[in-house]
file model-v3.txt (compact mmCIF, C-alpha atoms)
# COMPACT_ATOMS: atom_id res chain seq x y z
CA MET V 1 10.99 0.17 20.64
CA PRO V 2 8.06 -0.67 18.33
CA LEU V 3 8.33 -1.11 14.59
CA SER V 4 5.57 1.42 13.90
CA GLY V 5 2.88 3.53 15.52
CA PRO V 6 0.08 5.97 14.60
CA TYR V 7 0.24 9.76 14.98
CA LEU V 8 -2.95 10.89 16.74
CA ASP V 9 -3.97 13.85 18.90
CA GLU V 10 -6.96 15.78 20.22
CA ARG V 11 -8.27 16.55 16.74
CA GLU V 12 -9.14 12.92 16.07
CA GLU V 13 -10.69 12.62 19.53
CA ALA V 14 -12.94 15.63 18.91
CA LEU V 15 -14.09 14.38 15.52
CA VAL V 16 -14.85 10.88 16.85
CA LEU V 17 -16.78 12.35 19.76
CA GLU V 18 -18.78 14.45 17.30
CA VAL V 19 -19.81 11.30 15.43
CA LEU V 20 -20.65 9.42 18.63
CA ARG V 21 -22.89 12.23 19.79
CA SER V 22 -24.59 12.45 16.40
CA GLY V 23 -25.86 8.89 16.54
CA ARG V 24 -24.87 8.33 12.89
CA LEU V 25 -22.22 5.66 13.23
CA SER V 26 -22.47 4.31 9.68
CA LEU V 27 -23.62 5.64 6.29
CA GLY V 28 -23.59 9.15 7.71
CA PRO V 29 -22.25 12.47 6.45
CA THR V 30 -18.75 12.01 7.87
CA ILE V 31 -17.92 9.45 5.18
CA ASP V 32 -18.88 11.91 2.45
CA ARG V 33 -16.68 14.57 4.05
CA PHE V 34 -13.75 12.16 4.27
CA GLU V 35 -14.11 11.07 0.65
CA GLU V 36 -14.31 14.63 -0.64
CA ALA V 37 -11.30 15.76 1.42
CA PHE V 38 -9.25 12.76 0.32
CA ALA V 39 -10.07 13.21 -3.36
CA GLU V 40 -8.93 16.82 -3.11
CA LYS V 41 -5.63 15.80 -1.47
CA VAL V 42 -4.69 13.43 -4.29
CA ASP V 43 -6.24 15.51 -7.09
CA ALA V 44 -8.74 12.84 -8.12
CA PRO V 45 -12.35 13.67 -9.04
CA TYR V 46 -13.93 10.75 -7.14
CA ALA V 47 -13.11 8.69 -4.04
CA ALA V 48 -14.97 5.82 -2.38
CA ALA V 49 -14.12 4.79 1.18
CA VAL V 50 -13.92 1.06 1.91
CA SER V 51 -13.21 -1.21 4.86
CA SER V 52 -9.60 -1.93 3.84
CA GLY V 53 -7.10 -1.51 1.04
CA THR V 54 -7.57 -5.18 0.21
CA ALA V 55 -11.32 -4.62 -0.16
CA GLY V 56 -10.66 -1.72 -2.53
CA LEU V 57 -8.32 -3.83 -4.68
CA HIS V 58 -10.87 -6.63 -4.77
CA LEU V 59 -13.61 -4.25 -5.95
CA LEU V 60 -11.41 -2.98 -8.79
CA CYS V 61 -10.79 -6.59 -9.83
CA VAL V 62 -14.55 -7.15 -9.86
CA LEU V 63 -14.99 -4.05 -12.03
CA ALA V 64 -12.25 -5.32 -14.35
CA GLY V 65 -14.33 -8.43 -14.95
CA ILE V 66 -11.67 -10.87 -13.81
CA GLU V 67 -13.01 -14.40 -13.94
CA ALA V 68 -11.76 -17.92 -13.31
CA GLY V 69 -8.71 -18.68 -15.46
CA ASP V 70 -7.88 -15.07 -16.33
CA GLU V 71 -4.21 -14.26 -15.84
CA VAL V 72 -3.27 -11.14 -13.90
CA ILE V 73 0.29 -9.83 -13.81
CA THR V 74 1.59 -8.40 -10.56
CA THR V 75 4.78 -8.05 -8.57
CA PRO V 76 6.18 -10.87 -6.45
CA TYR V 77 7.68 -8.34 -4.03
CA SER V 78 4.67 -7.01 -2.15
CA PHE V 79 2.13 -7.83 0.53
CA ALA V 80 0.01 -10.86 -0.29
CA ALA V 81 -3.13 -8.76 -0.92
CA SER V 82 -1.65 -7.58 -4.22
CA ALA V 83 -2.32 -11.09 -5.53
CA ASN V 84 -5.18 -12.16 -3.26
CA CYS V 85 -7.40 -9.42 -4.67
CA PHE V 86 -7.80 -11.19 -8.01
CA ILE V 87 -7.36 -14.75 -6.75
CA TYR V 88 -10.69 -14.15 -4.95
CA GLU V 89 -12.29 -13.97 -8.41
CA GLY V 90 -10.46 -17.01 -9.77
CA GLY V 91 -7.69 -15.03 -11.42
CA VAL V 92 -4.35 -16.76 -11.93
CA PRO V 93 -1.27 -14.90 -10.67
CA VAL V 94 1.59 -14.23 -13.06
CA PHE V 95 4.58 -12.61 -11.38
CA ALA V 96 6.84 -10.16 -13.19
CA ASP V 97 10.20 -9.67 -11.49
CA VAL V 98 11.24 -6.34 -10.03
CA ASP V 99 13.85 -3.70 -10.70
CA PRO V 100 16.76 -4.18 -8.26
CA ARG V 101 16.99 -0.48 -7.44
CA THR V 102 13.35 0.50 -6.94
CA LEU V 103 11.92 -2.96 -6.07
CA ASN V 104 8.92 -2.09 -8.26
CA MET V 105 7.86 -4.24 -11.22
CA ASP V 106 10.18 -4.05 -14.20
CA PRO V 107 8.02 -3.05 -17.22
CA ARG V 108 10.14 -5.27 -19.48
CA ALA V 109 9.27 -8.27 -17.33
CA VAL V 110 5.60 -7.27 -17.45
CA GLU V 111 5.62 -7.07 -21.25
CA ALA V 112 7.29 -10.48 -21.46
CA ALA V 113 4.63 -11.98 -19.17
CA VAL V 114 1.60 -10.97 -21.28
CA THR V 115 -0.26 -13.85 -22.95
CA GLU V 116 -3.61 -14.21 -24.69
CA ARG V 117 -5.09 -15.08 -21.30
CA THR V 118 -3.89 -11.90 -19.54
CA LYS V 119 -6.75 -9.72 -18.27
CA ALA V 120 -5.15 -7.11 -16.02
CA ILE V 121 -2.05 -5.68 -14.39
CA VAL V 122 -1.92 -4.89 -10.67
CA ALA V 123 0.89 -2.36 -10.28
CA VAL V 124 2.29 -1.69 -6.80
CA ASP V 125 4.01 1.45 -5.50
CA ILE V 126 6.21 -0.53 -3.15
CA PHE V 127 7.20 1.12 0.14
CA GLY V 128 5.70 4.38 -1.17
CA TYR V 129 7.98 4.64 -4.22
CA PRO V 130 5.93 5.24 -7.41
CA CYS V 131 5.93 2.48 -10.01
CA GLU V 132 6.68 3.11 -13.69
CA LEU V 133 3.09 4.13 -14.30
CA ASP V 134 3.39 5.48 -17.85
CA GLU V 135 5.24 2.43 -19.14
CA LEU V 136 2.80 0.05 -17.46
CA ARG V 137 -0.17 2.00 -18.78
CA ALA V 138 1.29 1.80 -22.30
CA ILE V 139 1.55 -1.98 -21.97
CA ALA V 140 -2.02 -2.18 -20.69
CA ASP V 141 -3.32 -0.03 -23.53
CA LYS V 142 -1.36 -2.00 -26.15
CA HIS V 143 -2.87 -5.31 -25.04
CA GLY V 144 -6.30 -4.09 -23.91
CA LEU V 145 -5.69 -4.84 -20.22
CA ALA V 146 -7.14 -3.30 -17.09
CA LEU V 147 -4.57 -1.39 -15.00
CA ILE V 148 -5.11 -1.35 -11.24
CA GLN V 149 -2.79 0.75 -9.11
CA ASP V 150 -2.05 -0.64 -5.64
CA SER V 151 -1.00 2.57 -3.91
CA CYS V 152 -1.80 1.27 -0.43
CA GLU V 153 1.66 2.36 0.77
CA ALA V 154 1.97 5.54 -1.27
CA LEU V 155 -0.33 8.30 -0.02
CA GLY V 156 1.52 11.57 -0.63
CA ALA V 157 3.88 10.19 -3.28
CA GLU V 158 4.25 11.95 -6.63
CA TYR V 159 4.91 10.65 -10.13
CA LYS V 160 6.19 13.10 -12.72
CA GLY V 161 5.20 16.05 -10.54
CA SER V 162 1.61 15.01 -9.78
CA PRO V 163 0.17 13.12 -6.79
CA ILE V 164 -0.37 9.40 -6.99
CA GLY V 165 -4.10 9.11 -7.62
CA SER V 166 -4.23 11.95 -10.13
CA HIS V 167 -2.97 10.12 -13.22
CA GLY V 168 -6.18 8.50 -14.41
CA ALA V 169 -5.64 4.89 -13.36
CA SER V 170 -7.94 3.80 -10.54
CA ALA V 171 -5.86 3.55 -7.36
CA VAL V 172 -6.29 2.12 -3.90
CA PHE V 173 -4.91 3.55 -0.65
CA ALA V 174 -4.86 1.87 2.78
CA PHE V 175 -5.15 3.21 6.33
CA TYR V 176 -3.86 0.43 8.59
CA PRO V 177 -2.14 1.92 11.70
CA ASN V 178 1.35 1.64 10.19
CA LYS V 179 0.42 3.68 7.11
CA GLN V 180 1.03 7.40 6.56
CA ILE V 181 -2.48 8.11 7.88
CA THR V 182 -4.76 5.69 9.68
CA THR V 183 -8.43 5.09 10.31
CA GLY V 184 -7.68 1.97 12.37
CA GLU V 185 -8.64 -0.22 9.44
CA GLY V 186 -9.92 1.15 6.16
CA GLY V 187 -9.01 2.20 2.65
CA MET V 188 -9.95 4.46 -0.26
CA VAL V 189 -10.46 3.88 -3.97
CA THR V 190 -9.91 6.84 -6.28
CA THR V 191 -11.24 6.91 -9.81
CA HIS V 192 -11.61 9.36 -12.68
CA SER V 193 -14.90 7.82 -13.83
CA GLU V 194 -18.21 8.87 -12.32
CA ASP V 195 -19.84 5.64 -13.52
CA GLU V 196 -17.14 3.54 -11.89
CA TRP V 197 -17.47 5.57 -8.69
CA ARG V 198 -21.20 4.91 -8.50
CA VAL V 199 -20.71 1.17 -9.03
CA LEU V 200 -17.98 1.12 -6.37
CA ARG V 201 -20.33 2.75 -3.87
CA SER V 202 -22.95 0.13 -4.67
CA LEU V 203 -20.57 -2.82 -4.52
CA ARG V 204 -19.20 -1.81 -1.11
CA ASN V 205 -22.77 -1.53 0.25
CA GLN V 206 -24.16 -5.00 -0.46
CA GLY V 207 -25.05 -4.09 -4.04
CA ARG V 208 -27.65 -1.47 -3.15
CA GLY V 209 -28.42 1.13 -5.81
CA ASP V 210 -28.47 4.91 -5.63
CA SER V 211 -32.24 4.81 -5.17
CA GLY V 212 -34.65 2.20 -3.92
CA GLY V 213 -35.25 0.62 -0.57
CA TRP V 214 -32.75 -0.65 1.97
CA LEU V 215 -33.57 -4.23 1.04
CA GLU V 216 -33.35 -3.69 -2.72
CA HIS V 217 -30.12 -4.99 -4.25
CA VAL V 218 -29.35 -4.24 -7.88
CA ARG V 219 -26.14 -6.34 -8.11
CA LEU V 220 -24.08 -8.81 -6.14
CA GLY V 221 -22.25 -6.71 -3.58
CA TYR V 222 -20.09 -6.90 -0.48
CA ASN V 223 -20.06 -5.52 3.03
CA TYR V 224 -17.01 -3.36 2.41
CA ARG V 225 -18.27 -0.12 3.97
CA LEU V 226 -16.18 2.18 6.14
CA ASP V 227 -17.99 3.40 9.27
CA ASP V 228 -18.32 7.03 10.30
CA VAL V 229 -16.15 6.67 13.41
CA SER V 230 -13.26 5.51 11.23
CA ALA V 231 -13.98 8.27 8.72
CA ALA V 232 -13.78 10.82 11.54
CA ILE V 233 -10.31 9.59 12.46
CA GLY V 234 -9.40 9.85 8.78
CA LEU V 235 -10.55 13.46 8.60
CA GLY V 236 -8.35 14.34 11.57
CA GLN V 237 -5.43 12.60 9.93
CA LEU V 238 -5.94 14.41 6.62
CA ASP V 239 -5.90 17.73 8.48
CA LYS V 240 -2.26 17.05 9.36
CA LEU V 241 -1.19 15.09 6.28
CA GLU V 242 1.46 17.61 5.20
CA GLU V 243 2.90 17.63 8.73
CA ILE V 244 2.93 13.82 8.83
CA LEU V 245 4.65 13.54 5.45
CA ALA V 246 7.28 16.12 6.43
CA LEU V 247 8.02 14.42 9.76
CA ARG V 248 8.32 10.99 8.14
CA SER V 249 10.65 12.42 5.51
CA SER V 250 12.79 13.89 8.30
CA VAL V 251 12.96 10.51 10.04
CA ALA V 252 14.08 8.90 6.78
CA GLU V 253 16.71 11.60 6.18
CA ARG V 254 18.06 11.07 9.69
CA TYR V 255 18.40 7.33 9.05
CA ASN V 256 20.22 8.10 5.80
CA GLU V 257 22.70 10.23 7.72
CA LEU V 258 23.19 7.71 10.53
CA LEU V 259 23.70 4.78 8.16
CA ALA V 260 25.90 6.56 5.62
CA GLY V 261 29.20 4.74 5.40
CA LEU V 262 28.05 1.76 7.45
CA GLY V 263 29.50 -1.13 5.50
CA GLY V 264 27.09 -3.79 4.35
CA VAL V 265 23.97 -1.61 4.58
CA GLU V 266 22.07 -0.42 1.49
CA VAL V 267 19.57 2.35 2.21
CA PRO V 268 16.38 2.88 0.16
CA CYS V 269 16.81 4.36 -3.31
CA ALA V 270 16.65 8.13 -3.58
CA ASP V 271 14.00 10.15 -5.38
CA ASP V 272 14.63 11.34 -8.92
CA ALA V 273 12.99 13.79 -11.31
CA ASP V 274 10.02 11.49 -11.95
CA HIS V 275 9.59 9.75 -8.59
CA LYS V 276 8.95 11.27 -5.18
CA ARG V 277 8.57 8.71 -2.43
CA SER V 278 6.06 8.94 0.39
CA TRP V 279 7.75 7.30 3.36
CA PHE V 280 5.74 4.28 4.49
CA VAL V 281 8.57 2.19 5.94
CA TYR V 282 12.34 2.40 6.05
CA VAL V 283 13.74 -0.83 4.59
CA ILE V 284 17.43 -1.55 4.31
CA ALA V 285 19.20 -4.34 2.44
CA LEU V 286 21.96 -6.34 4.11
CA PRO V 287 24.68 -8.44 2.44
CA ASP V 288 22.82 -11.74 2.82
CA ASN V 289 20.32 -13.63 4.96
CA ASP V 290 22.96 -14.61 7.51
CA ALA V 291 23.80 -10.97 8.16
CA ARG V 292 20.10 -10.16 8.44
CA GLU V 293 19.55 -12.92 11.01
CA ARG V 294 22.51 -11.66 13.07
CA VAL V 295 20.95 -8.19 13.09
CA ILE V 296 17.55 -9.61 14.04
CA ALA V 297 19.02 -11.59 16.92
CA HIS V 298 20.74 -8.45 18.21
CA PHE V 299 17.55 -6.38 17.82
CA GLU V 300 15.60 -8.95 19.79
CA ARG V 301 18.10 -8.80 22.65
CA GLU V 302 17.86 -5.01 22.61
CA GLY V 303 14.05 -4.88 22.38
CA ILE V 304 14.09 -3.16 18.98
CA GLY V 305 11.23 -3.78 16.54
CA TYR V 306 11.87 -5.13 13.04
CA ASN V 307 10.30 -7.16 10.26
CA ARG V 308 11.60 -9.19 7.34
CA TYR V 309 10.09 -6.97 4.62
CA LEU V 310 9.07 -8.58 2.33
CA PRO V 311 8.74 -12.30 1.59
CA SER V 312 8.14 -12.95 -2.11
CA ILE V 313 4.46 -13.69 -2.74
CA HIS V 314 5.08 -16.54 -5.17
CA LEU V 315 6.91 -18.44 -2.42
CA GLN V 316 4.19 -18.03 0.20
CA PRO V 317 3.11 -21.55 1.28
CA TYR V 318 -0.46 -21.37 -0.02
CA ILE V 319 0.62 -19.87 -3.36
CA ARG V 320 3.32 -22.51 -3.90
CA GLU V 321 0.91 -25.30 -3.07
CA ARG V 322 -1.87 -23.98 -5.30
CA TYR V 323 0.10 -22.87 -8.37
CA GLY V 324 3.39 -24.77 -8.20
CA PHE V 325 5.72 -21.76 -8.03
CA ARG V 326 9.27 -22.46 -6.91
CA GLU V 327 12.57 -20.78 -6.12
CA GLY V 328 14.41 -19.22 -9.03
CA MET V 329 11.33 -17.93 -10.89
CA CYS V 330 11.80 -14.30 -9.76
CA PRO V 331 15.48 -14.05 -8.78
CA VAL V 332 15.60 -10.30 -8.12
CA SER V 333 12.58 -10.43 -5.82
CA GLU V 334 13.86 -13.55 -4.09
CA GLY V 335 17.26 -11.96 -3.56
CA ALA V 336 15.67 -8.88 -2.02
CA SER V 337 13.41 -11.01 0.17
CA ALA V 338 16.46 -12.72 1.65
CA ARG V 339 18.25 -9.45 2.50
CA THR V 340 15.72 -6.71 3.28
CA LEU V 341 14.79 -5.61 6.78
CA ALA V 342 12.37 -2.96 8.03
CA LEU V 343 13.72 -0.76 10.82
CA PRO V 344 11.55 1.03 13.39
CA PHE V 345 9.86 3.83 11.48
CA PHE V 346 6.95 6.10 12.32
CA THR V 347 5.97 9.74 12.32
CA ALA V 348 6.91 10.52 15.94
CA LEU V 349 10.11 8.46 16.08
CA GLU V 350 12.65 10.46 18.07
CA ARG V 351 16.23 11.12 17.03
CA ASP V 352 17.81 9.38 20.03
CA ALA V 353 15.75 6.27 19.27
CA GLN V 354 17.08 6.28 15.72
CA GLU V 355 20.62 6.60 17.06
CA ARG V 356 20.01 3.56 19.21
CA VAL V 357 18.83 1.60 16.16
CA ALA V 358 21.90 2.65 14.16
CA GLU V 359 24.23 1.70 17.03
CA ALA V 360 22.58 -1.72 17.38
CA LEU V 361 22.80 -2.29 13.65
CA ALA V 362 26.49 -1.40 13.57
CA ALA V 363 27.21 -3.61 16.57
CA ALA V 364 25.43 -6.58 14.99
CA LEU V 365 27.30 -6.22 11.72

call {"tool": "encode", "arguments": {"input": "model-v3.txt", "output": "structure tokens"}}
result
Amino acid sequence: MPLSGPYLDEREEALVLEVLRSGRLSLGPTIDRFEEAFAEKVDAPYAAAVSSGTAGLHLLCVLAGIEAGDEVITTPYSFAASANCFIYEGGVPVFADVDPRTLNMDPRAVEAAVTERTKAIVAVDIFGYPCELDELRAIADKHGLALIQDSCEALGAEYKGSPIGSHGASAVFAFYPNKQITTGEGGMVTTHSEDEWRVLRSLRNQGRGDSGGWLEHVRLGYNYRLDDVSAAIGLGQLDKLEEILALRSSVAERYNELLAGLGGVEVPCADDADHKRSWFVYVIALPDNDARERVIAHFEREGIGYNRYLPSIHLQPYIRERYGFREGMCPVSEGASARTLALPFFTALERDAQERVAEALAAAL
């Protein structure tokens, strides 16, 4: 039983075939269609497709003017790209510990981490649960910081009744095959600034301008384009986004039912009036690392997929070596990293497969 899998059908096949027959495999009209459809879904005025979520985060760090020695505050409990994106530009990571319930950055920890060298905040909607966007934006405004929203796991989530992507902060979404929708690889940057959108389109395309020849470059840019074949897959996925989100929510609800009352298992936090999760993964917390390793050993014998979601970024080997971080600096994140486990979770996961996972989990514990 795999950990994840995409949800594709004949619609994506037809759209890809249309692109192949057109001969426009890159920089064609399909990308424009994908961007426009995506912007409409998240209620953002502008969207720029890129080769990955990481690429999109990097471009926003470039736009924020992050330079060598600038401090950037982010969460320790995330995928490494949430820090890599500004380390590429010489930014120095500063990690603000997370809230034990939501596993998103605690705004109080962010405020305490601000110094005269701070340049930006990279806020993450971890596992599709919206971060405390208003509080983080207030901190950014108070100190004159750029706010970058890493929403790579949160397509379809809502904060205070509006879609993630609609709140003004520039946001990045990702389309790796385990995400809510996929383009194979790929990502999208949403912005509420036309000027920023135009620069993003230039930066992703080797620094070319809106006009001028193919070999004219108006700024230092990157090869961060999304191709039309990938955009075609994305269009097919967007056509069924509501269906995908509903099915994933049903899978999560079924896990909640199956695991209710199972001693030693903490299920993901529930939505509230301000936060509506978009289900990216289903991550449980176990009593300790020993219990988690017992479950993993049992899953391996049973052929059930899993992953230790998520190691704390500040304790990744290259980060420790480069910046000198050590255990005890972010105790909430470190505690979660020792106990959390991703169960098999994807749009088409069947009920009997979930029952098998729950039975294996109970047997291991």

call {"tool": "residues_around", "arguments": {"input": "model-v3.txt", "residues": "V:Ile126", "least_positions_apart": "2", "cutoff": "7 Å", "atoms": "all atoms listed in the file", "output": "JSON, numbers by chain"}}
result
{"V": [78, 103, 104, 124, 128, 129, 153]}

call {"tool": "closest_atom_pairs", "arguments": {"input": "model-v3.txt", "of": "stretch 55-118 of chain V", "to": "stretch 321-325 of chain V", "cutoff": "12 Å", "atoms": "only C-alpha atoms", "output": "Markdown table"}}
result
| residue | atom | partner | partner_atom | distance |
| --- | --- | --- | --- | --- |
| V:Pro76 | CA | V:Phe325 | CA | 11.0 |
| V:Ile87 | CA | V:Arg322 | CA | 10.8 |
| V:Gly90 | CA | V:Arg322 | CA | 11.9 |
| V:Gly91 | CA | V:Tyr323 | CA | 11.5 |
| V:Val92 | CA | V:Tyr323 | CA | 8.4 |
| V:Pro93 | CA | V:Tyr323 | CA | 8.4 |
| V:Val94 | CA | V:Tyr323 | CA | 9.9 |
| V:Phe95 | CA | V:Phe325 | CA | 9.8 |

call {"tool": "write_last_selection", "arguments": {"input": "model-v3.txt", "atoms": "C-alpha atoms", "output": "short mmCIF file (atom, residue, chain, number, x, y, z; two decimals), in the frame of the given file"}}
result
data_model
loop_
_atom_site.label_atom_id
_atom_site.label_comp_id
_atom_site.auth_asym_id
_atom_site.auth_seq_id
_atom_site.Cartn_x
_atom_site.Cartn_y
_atom_site.Cartn_z
CA PRO V 76 6.18 -10.87 -6.45
CA ILE V 87 -7.36 -14.75 -6.75
CA GLY V 90 -10.46 -17.01 -9.77
CA GLY V 91 -7.69 -15.03 -11.42
CA VAL V 92 -4.35 -16.76 -11.93
CA PRO V 93 -1.27 -14.90 -10.67
CA VAL V 94 1.59 -14.23 -13.06
CA PHE V 95 4.58 -12.61 -11.38
#

call {"tool": "closest_atom_pairs", "arguments": {"input": "model-v3.txt", "of": "stretch 175-258 of chain V", "to": "stretch 262-277 of chain V", "cutoff": "10 Å", "atoms": "all atoms listed in the file", "output": "tab-separated table"}}
result
residue	atom	partner	partner_atom	distance
V:Ser249	CA	V:Arg277	CA	9.0
V:Ala252	CA	V:Pro268	CA	9.2
V:Tyr255	CA	V:Val267	CA	8.5
V:Asn256	CA	V:Val267	CA	6.8
V:Leu258	CA	V:Leu262	CA	8.3

call {"tool": "atom_distance", "arguments": {"input": "model-v3.txt", "atom1": "atom CA of V:Ala47", "atom2": "atom CA of V:Phe173"}}
result
10.3 Å

call {"tool": "residues_around", "arguments": {"input": "model-v3.txt", "residues": "stretch 300-309 of chain V", "least_positions_apart": "6", "cutoff": "6 Å", "atoms": "all atoms listed in the file", "output": "PyMOL selection string"}}
result
chain V and resi 1-3+340-344
